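Enquirer: What follows is upload13.cif, made up of mmCIF, C-alpha atoms:
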```cif
data_start
#
loop_
_atom_site.label_atom_id
_atom_site.label_comp_id
_atom_site.auth_asym_id
_atom_site.auth_seq_id
_atom_site.Cartn_x
_atom_site.Cartn_y
_atom_site.Cartn_z
CA MET B 1458 -89.45 162.51 87.89
CA ALA B 1459 -88.47 165.99 89.04
CA ASP B 1460 -86.99 164.69 92.28
CA VAL B 1461 -84.69 162.20 90.49
CA GLN B 1462 -83.74 164.01 87.28
CA GLU B 1463 -80.36 165.20 88.57
CA TYR B 1464 -79.52 161.71 89.83
CA PHE B 1465 -80.51 160.12 86.49
CA ALA B 1466 -78.50 162.69 84.55
CA ALA B 1467 -75.38 162.06 86.65
CA GLN B 1468 -75.70 158.30 86.25
CA LEU B 1469 -76.11 158.53 82.49
CA GLU B 1470 -73.27 161.02 82.11
CA SER B 1471 -70.94 158.73 84.07
CA GLY B 1472 -71.35 156.02 81.43
CA ALA B 1473 -71.65 153.44 84.21
CA VAL B 1474 -75.30 152.60 83.49
CA GLN B 1475 -77.28 151.21 80.59
CA PRO B 1476 -79.82 153.84 79.43
CA ASP B 1477 -82.56 151.29 78.66
CA TRP B 1478 -82.73 150.40 82.36
CA TRP B 1479 -83.53 153.93 83.46
CA ALA B 1480 -86.27 156.34 82.43
CA TRP B 1481 -88.88 155.80 79.73
CA TYR B 1482 -91.58 158.29 78.83
CA ALA B 1483 -95.26 157.66 78.11
CA VAL B 1484 -96.85 159.65 75.31
CA GLN B 1485 -100.58 159.70 74.68
CA GLN B 1486 -101.27 159.07 70.99
CA SER B 1487 -104.01 161.60 70.39
CA PRO B 1488 -103.49 164.35 71.18
CA ARG B 1489 -99.76 163.65 71.30
CA VAL B 1490 -98.90 164.65 74.87
CA LEU B 1491 -96.36 163.46 77.45
CA ILE B 1492 -98.47 161.90 80.20
CA GLY B 1493 -96.06 159.95 82.38
CA SER B 1494 -92.85 158.07 82.86
CA GLY B 1495 -91.50 154.87 84.28
CA GLY B 1496 -88.36 152.84 84.50
CA PHE B 1497 -85.98 150.93 86.70
CA ASN B 1498 -83.17 151.72 89.12
CA GLY B 1499 -80.65 150.29 86.68
CA ALA B 1500 -79.83 146.91 85.17
CA PRO B 1501 -80.49 143.75 87.21
CA ASP B 1502 -78.25 143.30 90.23
CA SER B 1503 -76.23 140.13 90.87
CA GLU B 1504 -79.39 138.39 92.11
CA GLY B 1505 -81.44 139.38 89.06
CA THR B 1506 -83.50 142.04 90.83
CA VAL B 1507 -84.59 145.43 89.49
CA THR B 1508 -86.77 148.10 91.08
CA LEU B 1509 -89.67 149.56 89.10
CA GLY B 1510 -91.04 153.08 89.34
CA TYR B 1511 -93.78 154.81 87.34
CA GLY B 1512 -96.14 157.75 87.41
CA VAL B 1513 -98.55 159.81 85.35
CA ILE B 1514 -99.57 163.46 85.37
CA PRO B 1515 -102.72 164.23 87.39
CA GLU B 1516 -104.82 164.69 84.24
CA ALA B 1517 -103.98 161.12 83.16
CA GLU B 1518 -104.80 159.43 86.46
CA GLY B 1519 -107.59 156.85 86.53
CA LYS B 1520 -107.43 156.14 82.80
CA GLY B 1521 -105.31 152.98 82.85
CA TYR B 1522 -102.10 154.62 81.68
CA ALA B 1523 -100.10 153.83 84.82
CA SER B 1524 -101.14 150.16 84.59
CA GLU B 1525 -100.10 150.12 80.96
CA ILE B 1526 -96.73 151.71 81.81
CA ALA B 1527 -96.06 149.23 84.61
CA GLY B 1528 -97.19 146.24 82.53
CA GLY B 1529 -95.14 147.30 79.52
CA LEU B 1530 -92.01 147.73 81.60
CA VAL B 1531 -92.49 144.35 83.30
CA ALA B 1532 -92.86 142.67 79.89
CA TRP B 1533 -89.81 144.51 78.56
CA ALA B 1534 -87.68 143.51 81.57
CA GLU B 1535 -88.75 139.88 81.24
CA ALA B 1536 -87.79 139.88 77.55
CA GLN B 1537 -84.27 141.12 78.37
CA GLY B 1538 -83.33 137.98 80.27
CA GLY B 1539 -81.48 137.93 83.55
CA VAL B 1540 -84.33 139.42 85.56
CA LYS B 1541 -85.68 137.11 88.26
CA ARG B 1542 -87.57 139.60 90.42
CA ILE B 1543 -89.00 143.08 90.12
CA HIS B 1544 -89.48 145.17 93.25
CA ALA B 1545 -91.73 148.21 93.60
CA THR B 1546 -92.77 150.30 96.58
CA THR B 1547 -95.86 152.32 97.30
CA PHE B 1548 -97.63 153.59 100.37
CA GLU B 1549 -100.21 151.26 101.88
CA ARG B 1550 -103.08 153.74 101.47
CA HIS B 1551 -102.13 154.83 97.95
CA HIS B 1552 -104.90 152.52 96.75
CA ALA B 1553 -104.59 153.27 93.03
CA SER B 1554 -100.89 152.36 93.02
CA VAL B 1555 -101.53 149.20 95.08
CA ARG B 1556 -104.17 148.14 92.51
CA ILE B 1557 -101.81 148.85 89.60
CA LEU B 1558 -99.12 146.65 91.12
CA GLU B 1559 -101.54 143.84 91.96
CA LYS B 1560 -103.03 143.93 88.43
CA ASN B 1561 -99.50 143.48 87.12
CA GLY B 1562 -98.75 140.40 89.21
CA PHE B 1563 -96.98 141.99 92.19
CA VAL B 1564 -97.50 140.62 95.70
CA CYS B 1565 -97.15 142.69 98.87
CA LYS B 1566 -94.29 141.40 101.02
CA GLY B 1567 -94.74 143.80 103.94
CA VAL B 1568 -93.19 147.07 105.03
CA SER B 1569 -90.24 148.17 102.89
CA SER B 1570 -86.83 148.56 104.50
CA GLU B 1571 -86.94 152.10 103.06
CA ASP B 1572 -90.04 153.04 105.10
CA ALA B 1573 -88.07 154.78 107.85
CA ALA B 1574 -86.53 157.17 105.30
CA ALA B 1575 -89.90 158.31 103.92
CA SER B 1576 -90.74 161.87 104.96
CA GLU B 1577 -94.16 163.02 106.06
CA ASP B 1578 -94.30 165.12 102.86
CA ASP B 1579 -93.86 161.91 100.84
CA ARG B 1580 -96.39 159.98 102.93
CA GLN B 1581 -99.18 162.56 102.58
CA GLY B 1582 -101.24 160.54 105.05
CA ARG B 1583 -100.89 157.37 102.96
CA GLY B 1584 -99.32 155.22 105.70
CA ARG B 1585 -96.30 152.97 105.58
CA LEU B 1586 -94.12 152.33 102.53
CA MET B 1587 -94.81 148.76 101.39
CA LEU B 1588 -92.65 146.44 99.30
CA PHE B 1589 -94.26 144.63 96.36
CA VAL B 1590 -92.46 141.86 94.46
CA ARG B 1591 -93.11 140.12 91.18
CA ALA B 1592 -91.15 136.97 90.42
CA LEU B 1593 -90.47 136.22 86.75
#
```
I need this file expressed as structure tokens, please.
Expert:
Amino acid sequence: MADVQEYFAAQLESGAVQPDWWAWYAVQQSPRVLIGSGGFNGAPDSEGTVTLGYGVIPEAEGKGYASEIAGGLVAWAEAQGGVKRIHATTFERHHASVRILEKNGFVCKGVSSEDAAASEDDRQGRGRLMLFVRAL
């Protein structure tokens, strides 16, 4: 979230976006601790597509929280109506993220059009940026 906080703040302050379609936070119940976040890139576009993003703190990795975040957001988006497709991207060798998307009904559609913009710092040896899609 740190890399997009300023962007989110500017979008929300502009009043041009619907807050529910942006950032949500994941809180562990006991002990009550912020463990992650997720959300969309805004309300559905004219074709009914939204883009999903999610993440958890390192201490929460491998415990199912990211899958729960992704699944909860997919269910929420479906309940809102107007969403026909959900896109998500992850690097091909970020195996945990690939598994999370697949468990939540996403299918890999190949290399993302955003792959060329991914820096080597973002890649961290994880390969190409892949596009995953879930149709509702």
Enquirer: Looking at only C-alpha atoms, which of B:Glu1463, B:Glu1516, B:Glu1525, B:Glu1535 is the one that sits closest to Ala1592 in chain B?
Expert: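 Closest residue, counting only C-alpha atoms: B:Glu1535.
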Enquirer: When the PyMOL selection byres ((chain B and resi 1511) around 9) is applied to the file above, which residues end up in the set, as a short mmCIF file (atom, residue, chain, number, x, y, z; two decimals) with C-alpha atoms, keeping the file's coordinate frame?
Expert:
```cif
data_model
loop_
_atom_site.label_atom_id
_atom_site.label_comp_id
_atom_site.auth_asym_id
_atom_site.auth_seq_id
_atom_site.Cartn_x
_atom_site.Cartn_y
_atom_site.Cartn_z
CA MET B 1458 -89.45 162.51 87.89
CA GLY B 1493 -96.06 159.95 82.38
CA SER B 1494 -92.85 158.07 82.86
CA GLY B 1495 -91.50 154.87 84.28
CA GLY B 1496 -88.36 152.84 84.50
CA PHE B 1497 -85.98 150.93 86.70
CA LEU B 1509 -89.67 149.56 89.10
CA GLY B 1510 -91.04 153.08 89.34
CA GLY B 1512 -96.14 157.75 87.41
CA VAL B 1513 -98.55 159.81 85.35
CA ALA B 1523 -100.10 153.83 84.82
CA ILE B 1526 -96.73 151.71 81.81
CA ALA B 1527 -96.06 149.23 84.61
#
```
Enquirer: Would you please work out which residue, of B:Met1587, B:Leu1593, B:Ala1480, B:Ala1573, is nearest to Gly1499 in chain B when using all atoms listed in the file?
Expert: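 Nearest candidate to Gly1499 in chain B out of B:Met1587, B:Leu1593, B:Ala1480, B:Ala1573: B:Ala1480.
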Enquirer: Hey, can you pull every residue with an atom no more than 9 Å from (-81.3, 157.7, 90.1), using only C-alpha atoms, and send it as a PyMOL selection string?
Expert: chain B and resi 1461-1468+1479+1497-1499
Enquirer: Calculate how many Å separate CA of Arg1585 in chain B from CA of Asp1572 in chain B, rounding to one decimal.
Expert: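 Between CA of Arg1585 in chain B and CA of Asp1572 in chain B the gap is 6.3 Å.
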Enquirer: Tell me, in Å to one decimal, how far CA of Asp1502 in chain B is from CA of Gly1539 in chain B.
Expert: 9.2 Å
Enquirer: My list of candidates is B:Leu1586, B:Ala1574, B:Leu1469, B:Ala1534. Which is closest to His1551 in chain B when distances are computed with only C-alpha atoms?
Expert: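 Ranking B:Leu1586, B:Ala1574, B:Leu1469, B:Ala1534 by distance to His1551 in chain B, first place goes to B:Leu1586.
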Enquirer: Any chance you could resolve the PyMOL selection byres ((chain B and resi 1590) around 6) against this file and give the residues as a ChimeraX atom specification?
Expert: /B:1543-1544,1563-1564,1589,1591
Enquirer: Do a neighbour search on Glu1504 in chain B at 10 Å with all atoms listed in the file, toss out local chain neighbours closer than 5 positions, and write the hits as a ChimeraX atom specification.
Expert: /B:1539-1542
Enquirer: Which residue is closest to Gly1528 in chain B? Choose from B:Ala1500, B:Ile1557, B:Val1568, B:Ala1545 and count all atoms listed in the file.
Expert: B:Ile1557
Enquirer: So how far away is CA of Gly1529 in chain B from CA of Phe1548 in chain B, in Å?
Expert: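 If I compute the distance from CA of Phe1548 in chain B to CA of Gly1529 in chain B, I get 21.9 Å.
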Enquirer: Could you tell me which of B:Gly1562, B:Gly1521, B:Gly1567, B:Gly1505 comes closest to Gln1537 in chain B if we count all atoms listed in the file?
Expert: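 Of B:Gly1562, B:Gly1521, B:Gly1567, B:Gly1505, the one nearest Gln1537 in chain B, counting all atoms listed in the file, is B:Gly1505.
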Enquirer: If you count only C-alpha atoms, which residues fall within 12 Å of Arg1550 in chain B, apart from same-chain ones fewer than 5 positions away, as JSON, numbers by chain?
Expert: {"B": [1555, 1556, 1580, 1581, 1582, 1583, 1584, 1585, 1586, 1587]}
Enquirer: Could you please fill out range 1481-1502 of chain B with N, CA and C atoms and send it back as a JSON list (two decimals), in the frame of the given file?
Expert:
```json
[["chain", "number", "residue", "atom", "x", "y", "z"],
["B", 1481, "TRP", "N", -88.10, 155.87, 80.96],
["B", 1481, "TRP", "CA", -88.88, 155.80, 79.73],
["B", 1481, "TRP", "C", -90.02, 156.80, 79.89],
["B", 1482, "TYR", "N", -90.50, 157.31, 78.78],
["B", 1482, "TYR", "CA", -91.58, 158.29, 78.83],
["B", 1482, "TYR", "C", -92.82, 157.74, 78.15],
["B", 1483, "ALA", "N", -93.99, 158.10, 78.67],
["B", 1483, "ALA", "CA", -95.26, 157.66, 78.11],
["B", 1483, "ALA", "C", -95.91, 158.84, 77.39],
["B", 1484, "VAL", "N", -96.25, 158.61, 76.14],
["B", 1484, "VAL", "CA", -96.85, 159.65, 75.31],
["B", 1484, "VAL", "C", -98.23, 159.18, 74.87],
["B", 1485, "GLN", "N", -99.23, 159.97, 75.16],
["B", 1485, "GLN", "CA", -100.58, 159.70, 74.68],
["B", 1485, "GLN", "C", -100.58, 159.89, 73.17],
["B", 1486, "GLN", "N", -101.28, 159.02, 72.45],
["B", 1486, "GLN", "CA", -101.27, 159.07, 70.99],
["B", 1486, "GLN", "C", -102.02, 160.26, 70.41],
["B", 1487, "SER", "N", -103.23, 160.52, 70.97],
["B", 1487, "SER", "CA", -104.01, 161.60, 70.39],
["B", 1487, "SER", "C", -104.81, 162.30, 71.49],
["B", 1488, "PRO", "N", -104.56, 163.57, 71.77],
["B", 1488, "PRO", "CA", -103.49, 164.35, 71.18],
["B", 1488, "PRO", "C", -102.13, 163.87, 71.72],
["B", 1489, "ARG", "N", -101.11, 164.11, 70.96],
["B", 1489, "ARG", "CA", -99.76, 163.65, 71.30],
["B", 1489, "ARG", "C", -99.20, 164.50, 72.44],
["B", 1490, "VAL", "N", -99.26, 163.92, 73.66],
["B", 1490, "VAL", "CA", -98.90, 164.65, 74.87],
["B", 1490, "VAL", "C", -98.13, 163.70, 75.80],
["B", 1491, "LEU", "N", -97.09, 164.21, 76.43],
["B", 1491, "LEU", "CA", -96.36, 163.46, 77.45],
["B", 1491, "LEU", "C", -97.26, 163.34, 78.67],
["B", 1492, "ILE", "N", -97.55, 162.10, 79.08],
["B", 1492, "ILE", "CA", -98.47, 161.90, 80.20],
["B", 1492, "ILE", "C", -97.85, 161.20, 81.39],
["B", 1493, "GLY", "N", -96.64, 160.65, 81.24],
["B", 1493, "GLY", "CA", -96.06, 159.95, 82.38],
["B", 1493, "GLY", "C", -94.68, 159.41, 82.06],
["B", 1494, "SER", "N", -94.17, 158.68, 83.02],
["B", 1494, "SER", "CA", -92.85, 158.07, 82.86],
["B", 1494, "SER", "C", -92.76, 156.83, 83.74],
["B", 1495, "GLY", "N", -91.75, 156.05, 83.48],
["B", 1495, "GLY", "CA", -91.50, 154.87, 84.28],
["B", 1495, "GLY", "C", -90.11, 154.37, 83.97],
["B", 1496, "GLY", "N", -89.67, 153.41, 84.74],
["B", 1496, "GLY", "CA", -88.36, 152.84, 84.50],
["B", 1496, "GLY", "C", -87.89, 152.03, 85.67],
["B", 1497, "PHE", "N", -86.59, 151.77, 85.69],
["B", 1497, "PHE", "CA", -85.98, 150.93, 86.70],
["B", 1497, "PHE", "C", -84.84, 151.68, 87.37],
["B", 1498, "ASN", "N", -84.30, 151.10, 88.41],
["B", 1498, "ASN", "CA", -83.17, 151.72, 89.12],
["B", 1498, "ASN", "C", -81.84, 151.30, 88.53],
["B", 1499, "GLY", "N", -81.85, 150.76, 87.35],
["B", 1499, "GLY", "CA", -80.65, 150.29, 86.68],
["B", 1499, "GLY", "C", -80.83, 148.85, 86.25],
["B", 1500, "ALA", "N", -79.80, 148.29, 85.64],
["B", 1500, "ALA", "CA", -79.83, 146.91, 85.17],
["B", 1500, "ALA", "C", -79.97, 145.96, 86.37],
["B", 1501, "PRO", "N", -80.34, 144.70, 86.11],
["B", 1501, "PRO", "CA", -80.49, 143.75, 87.21],
["B", 1501, "PRO", "C", -79.21, 143.63, 88.04],
["B", 1502, "ASP", "N", -79.40, 143.50, 89.36],
["B", 1502, "ASP", "CA", -78.25, 143.30, 90.23],
["B", 1502, "ASP", "C", -77.77, 141.84, 90.13]]
```
